[in-house]
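Student: Mind having a look at this structure? Questions to follow.
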Amino acid sequence: MQTLEDIIVRFDVDPAHTLKQQNREQVERPQGFYTTCWYVEKNQAGDVIARYRSWSNQTRYPPYRAQLGWERYTPGGTLLEREVRYSKQQDTDTLH
């Protein structure tokens, strides 16, 4: 699990601003596990600067891929930035 400091670095939050987690949702379904977190960034005056959504998905079935991603939104809800990463098969993985 990542710490809030790790998240601050990933989102490149201004050191003078604060970042707080608003909520976290974990769901387990037959096909996998899903976690979504929402964060809010505020400046020193307490104004909302941005909102962030971070997620991770892990499948239970081959190819057992994991997906990690995050999005940055304006306070009004416009998507500004998005990053999604997928795990890749290890060279040592073999089919039996």
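By order in the structure tokens, chains are A, B, ...; within a chain, residues start at 1; ligands start at 1, following the order shown.
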Hey, what's within 8 Å of stretch 50-66 of chain A if we count only C-alpha atoms and toss same-chain stuff fewer than 4 positions away? As a list in words, please?
Tutor: Pro30, Gln31, Gly32, Phe33, Tyr34, Thr35, Thr36, Cys37, Trp38, Tyr39, Val40, Glu41, Lys42, Trp70, Glu71, Arg72, Tyr73, Thr74, Pro75, Gly77, Tyr86, Ser87, Lys88 and Gln89 of chain A
Student: Can you write just those residues out, C-alpha atoms, as a tab-separated table (two decimals), in the first residue's frame?
Tutor:
chain	number	residue	atom	x	y	z
A	30	PRO	CA	-15.69	-12.82	-9.17
A	31	GLN	CA	-13.24	-11.50	-11.81
A	32	GLY	CA	-10.98	-9.55	-9.43
A	33	PHE	CA	-10.30	-6.93	-6.78
A	34	TYR	CA	-10.88	-3.21	-7.36
A	35	THR	CA	-9.80	-0.25	-5.22
A	36	THR	CA	-10.60	3.41	-5.92
A	37	CYS	CA	-9.50	6.43	-3.86
A	38	TRP	CA	-10.42	10.10	-4.22
A	39	TYR	CA	-8.17	12.93	-3.02
A	40	VAL	CA	-8.53	16.71	-2.84
A	41	GLU	CA	-5.69	19.23	-3.12
A	42	LYS	CA	-6.07	22.61	-1.37
A	70	TRP	CA	-4.76	8.03	-11.65
A	71	GLU	CA	-6.53	11.09	-12.99
A	72	ARG	CA	-6.32	14.81	-12.13
A	73	TYR	CA	-9.45	16.97	-12.38
A	74	THR	CA	-10.15	20.69	-12.05
A	75	PRO	CA	-12.39	21.71	-9.13
A	77	GLY	CA	-14.68	18.29	-12.83
A	86	TYR	CA	-0.57	-2.40	-16.72
A	87	SER	CA	1.61	-5.12	-15.31
A	88	LYS	CA	3.41	-7.20	-17.87
A	89	GLN	CA	4.21	-10.87	-17.89
Student: Find, counting only C-alpha atoms, the residue in A:Asp6, A:Arg29, A:Phe11, A:Leu19 that gets nearest to A:Glu81.
Tutor: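 Closest to A:Glu81, using only C-alpha atoms: A:Phe11.
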Student: Please identify which residues in chain A DSSP calls alpha helix (DSSP H) from the backbone, and express them as a ChimeraX atom specification.
Tutor: /A:4-11
Student: If you run DSSP on the backbone, which residues of chain A are strand (DSSP E or B), as a VMD selection string?
Tutor: chain A and resid 18 to 29 32 to 42 48 to 59 66 to 73 79 to 86
